[in-house]
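Asks: File follows, target.txt with compact mmCIF, C-alpha atoms:
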# COMPACT_ATOMS: atom_id res chain seq x y z
CA LYS T 1 -10.10 -5.65 -3.84
CA TYR T 2 -7.56 -5.38 -1.06
CA TYR T 3 -5.32 -3.04 0.86
CA LEU T 4 -1.59 -3.35 0.30
CA VAL T 5 -0.27 -3.43 3.89
CA ASP T 6 3.11 -3.89 5.54
CA ALA T 7 4.27 -6.84 7.64
CA GLY T 8 2.88 -5.25 10.79
CA TYR T 9 -0.57 -6.34 9.71
CA THR T 10 -2.10 -9.77 9.71
CA HIS T 11 -2.57 -11.31 6.31
CA CYS T 12 -6.34 -11.76 6.10
CA LYS T 13 -9.23 -10.99 3.76
CA GLY T 14 -8.89 -7.55 2.26
CA PHE T 15 -5.26 -7.08 3.40
CA LEU T 16 -2.39 -8.20 1.20
CA ALA T 17 0.65 -8.42 3.46
CA PRO T 18 4.18 -9.49 2.54
CA PHE T 19 5.69 -12.77 3.70
CA ARG T 20 7.35 -12.50 7.09
CA ARG T 21 10.93 -13.63 7.70
CA THR T 22 11.63 -13.09 3.98
CA ARG T 23 13.61 -10.26 2.37
CA TYR T 24 11.26 -7.35 1.81
CA HIS T 25 12.74 -3.86 1.73
CA LEU T 26 14.26 -2.76 -1.56
CA THR T 27 17.53 -1.98 0.23
CA GLU T 28 17.84 -5.67 1.13
CA PHE T 29 18.17 -6.48 -2.56
CA ASP T 30 21.67 -5.03 -2.88
CA ASP T 31 24.53 -5.50 -5.35
CA GLN T 32 25.66 -8.70 -3.60
CA ASN T 33 22.27 -10.40 -3.90
CA PRO T 34 20.06 -8.29 -6.23
CA ASN T 35 17.58 -10.86 -7.50
CA PRO T 36 14.82 -12.66 -5.61
CA THR T 37 15.68 -16.33 -5.16
CA THR T 38 12.28 -17.68 -4.11
CA PRO T 39 8.67 -17.00 -5.07
CA ALA T 40 8.09 -15.35 -1.67
CA GLU T 41 11.08 -13.02 -2.17
CA LEU T 42 9.82 -12.06 -5.63
CA PHE T 43 6.39 -11.30 -4.21
CA ASN T 44 7.89 -9.25 -1.36
CA HIS T 45 10.16 -7.33 -3.74
CA ARG T 46 7.22 -6.37 -5.96
CA HIS T 47 5.03 -5.66 -2.94
CA SER T 48 7.66 -3.31 -1.50
CA SER T 49 8.21 -1.60 -4.84
CA LEU T 50 4.47 -1.03 -5.30
CA ARG T 51 4.01 0.28 -1.75
CA ASN T 52 6.89 2.73 -2.25
CA THR T 53 5.35 3.95 -5.50
CA VAL T 54 1.90 4.39 -3.97
CA GLU T 55 3.31 6.19 -0.92
CA ARG T 56 5.34 8.57 -3.11
CA ALA T 57 2.29 9.30 -5.26
CA PHE T 58 0.11 10.08 -2.25
CA GLY T 59 2.94 12.11 -0.75
CA ILE T 60 3.02 14.30 -3.86
CA LEU T 61 -0.75 14.66 -3.94
CA LYS T 62 -0.97 15.58 -0.25
CA GLN T 63 1.84 18.12 -0.51
CA ARG T 64 0.41 19.79 -3.59
CA TRP T 65 -3.31 19.63 -2.72
CA LYS T 66 -3.81 20.56 0.92
CA ILE T 67 -7.50 19.61 0.73
CA LEU T 68 -6.33 15.96 0.72
CA ASP T 69 -4.32 16.46 3.89
CA ASP T 70 -6.81 18.63 5.78
CA SER T 71 -8.60 16.58 8.40
CA LYS T 72 -10.81 19.55 9.32
CA GLU T 73 -12.91 19.20 6.19
CA HIS T 74 -15.55 16.48 6.16
CA PHE T 75 -17.14 15.63 2.84
CA ASP T 76 -19.52 12.86 1.93
CA TYR T 77 -17.99 9.83 0.22
CA ASP T 78 -18.94 10.78 -3.36
CA THR T 79 -17.46 14.26 -2.91
CA GLN T 80 -14.25 12.73 -1.49
CA VAL T 81 -13.94 10.51 -4.56
CA ASP T 82 -14.47 13.51 -6.85
CA ILE T 83 -11.85 15.55 -4.98
CA VAL T 84 -9.22 12.80 -5.23
CA LEU T 85 -9.93 12.27 -8.93
CA ALA T 86 -9.75 16.02 -9.63
CA CYS T 87 -6.43 16.28 -7.79
CA CYS T 88 -5.02 13.31 -9.74
CA ILE T 89 -6.14 14.78 -13.06
CA LEU T 90 -4.62 18.17 -12.24
CA ASP T 91 -1.42 16.54 -11.01
CA ASN T 92 -1.10 14.47 -14.19
CA HIS T 93 -1.53 17.65 -16.21
CA ILE T 94 1.22 19.38 -14.22
CA MET T 95 3.56 16.43 -14.76
CA ARG T 96 2.96 16.58 -18.54
CA VAL T 97 3.47 20.34 -18.71
CA ASP T 98 6.48 20.40 -16.34
CA PRO T 99 8.26 17.03 -16.03
CA ASN T 100 10.95 18.80 -13.94
CA ASP T 101 8.44 19.88 -11.30
CA PRO T 102 10.40 20.43 -8.06
CA LEU T 103 7.81 18.70 -5.88
CA ILE T 104 7.98 15.50 -7.91
CA ASN T 105 11.78 15.58 -7.92
CA GLN T 106 11.85 16.14 -4.15
CA VAL T 107 9.68 13.10 -3.48
CA GLN T 108 11.54 10.94 -6.00
CA ASP T 109 14.82 11.82 -4.28
CA GLY T 110 13.36 10.39 -1.07
CA SER T 111 13.49 13.66 0.84
CA GLU T 112 9.82 13.60 1.87
CA ASP T 113 8.98 14.35 5.48
CA ASN T 114 9.37 11.21 7.62
CA GLU T 115 7.23 12.67 10.39
CA GLN T 116 4.34 13.11 7.95
CA GLN T 117 4.81 9.53 6.73
CA GLN T 118 4.68 8.24 10.29
CA GLN T 119 1.39 10.07 10.88
CA GLU T 120 -0.03 8.64 7.66
CA ASP T 121 1.00 5.13 8.75
CA GLU T 122 -0.78 5.63 12.08
CA GLU T 123 -3.95 6.72 10.26
CA GLU T 124 -3.71 3.63 8.04
CA GLU T 125 -3.47 1.46 11.18
CA GLU T 126 -6.79 2.90 12.41
CA VAL T 127 -8.49 1.79 9.18
CA VAL T 128 -6.98 -1.68 9.53
CA LEU T 129 -8.15 -1.95 13.13
CA ALA T 130 -11.69 -1.07 12.04
CA GLN T 131 -11.57 -3.90 9.47
CA ALA T 132 -10.14 -6.29 12.05
CA THR T 133 -13.02 -5.43 14.37
CA ARG T 134 -15.45 -6.59 11.68
CA LEU T 135 -13.56 -9.87 11.43
CA THR T 136 -13.91 -10.51 15.17
CA ARG T 137 -17.68 -10.74 14.64
CA LEU T 138 -17.16 -13.93 12.63
CA THR T 139 -17.01 -17.28 14.37
CA ARG T 140 -13.57 -18.84 14.79
CA ARG T 141 -14.35 -21.38 12.08
CA GLU T 142 -15.50 -18.65 9.68
CA GLN T 143 -12.31 -16.69 10.41
CA ARG T 144 -10.16 -19.78 9.76
CA ASP T 145 -11.97 -20.53 6.50
CA GLU T 146 -11.74 -16.90 5.38
CA ASN T 147 -8.01 -16.73 6.19
CA LYS T 148 -7.38 -20.01 4.38
CA ARG T 149 -9.09 -18.72 1.22
CA TRP T 150 -7.12 -15.48 1.43
CA LYS T 151 -3.80 -17.34 1.83
CA GLU T 152 -4.66 -19.49 -1.19
CA PHE T 153 -5.38 -16.31 -3.17
CA ARG T 154 -1.97 -14.89 -2.25
CA MET T 155 -0.17 -18.16 -3.04
CA LYS T 156 -1.79 -18.33 -6.48
CA MET T 157 -0.63 -14.76 -7.11
CA VAL T 158 2.90 -15.64 -5.92
CA ASN T 159 3.13 -18.76 -8.06
CA ASP T 160 1.83 -16.91 -11.13
CA MET T 161 4.47 -14.20 -10.63
CA TRP T 162 7.23 -16.77 -10.23
CA ALA T 163 6.13 -18.70 -13.32
CA GLN T 164 6.23 -15.51 -15.41
CA ASN T 165 9.59 -14.38 -14.00
Can I see the file as structure tokens?
Replies:
Amino acid sequence: KYYLVDAGYTHCKGFLAPFRRTRYHLTEFDDQNPNPTTPAELFNHRHSSLRNTVERAFGILKQRWKILDDSKEHFDYDTQVDIVLACCILDNHIMRVDPNDPLINQVQDGSEDNEQQQQEDEEEEEVVLAQATRLTRLTRREQRDENKRWKEFRMKMVNDMWAQN
């Protein structure tokens, strides 16, 4: 299991970051040069596409179900999981009943609130910092070994994607 993170994060165990100094954003794959030309570009393109999809999905859920966006409420972990699952189930039902739902169309058009997205990104950074703090408890050698294994995991994923492309 891992978090899909942007290039602002270090690529280490539990955090799947894109390749730096390689095309990443979907807008960089324009009409002039639409297709990835290297395994790293292919990985970054798919990484970016997946992150956009996940962010849109959470944007819809948070806009529709305020309980997901309300930091005042504190529930135990199992209850949090149940709440998220219930919201996803209800949202899927709404999408089946009304595929022209205005909220979904608004988010798909890219008109979601940038200020809200920035706040969500800041909250994500706090989680990443907590994980990084755990890593600092490892010895330098353990950190190096862990990072090496994680880089090998990502490279295997990249090479598998490229081979299937």
Asks: Excluding same-chain residues fewer than 3 positions from Asp160 of chain T, what lies within 12 Å of it counting only C-alpha atoms, as a list of chain:residue names?
Replies: T:Pro39, T:Ala40, T:Leu42, T:Phe43, T:Phe153, T:Arg154, T:Met155, T:Lys156, T:Met157, T:Ala163, T:Gln164, T:Asn165
Asks: Any idea what's packed within 7 Å of segment 56-73 of chain T, counting all atoms listed in the file, ignoring anything in its chain fewer than 4 positions away? Could you give it as a list of chain:residue names?
Replies: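 Skipping anything fewer than 4 positions along the chain leaves T:Asn52, T:Cys87, T:Leu103, T:Ile104, T:Val107.
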Asks: So how far away is atom CA of Arg51 of chain T from atom CA of His25 of chain T, in Å?
Replies: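 These atoms are spaced 10.3 Å apart.
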Asks: Quick one: distance from atom CA of Arg20 of chain T to atom CA of Glu41 of chain T in Å, one decimal?
Replies: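 Value for the atom CA of Arg20 of chain T-atom CA of Glu41 of chain T distance: 10.0 Å.
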Asks: Under the rule that only C-alpha atoms are counted, which of T:Ser49, T:Arg23, T:Met95, T:Gly14 is the nearest residue to Thr37 of chain T?
Replies: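 Looking at the shortest contact to Thr37 of chain T, the residue is T:Arg23.
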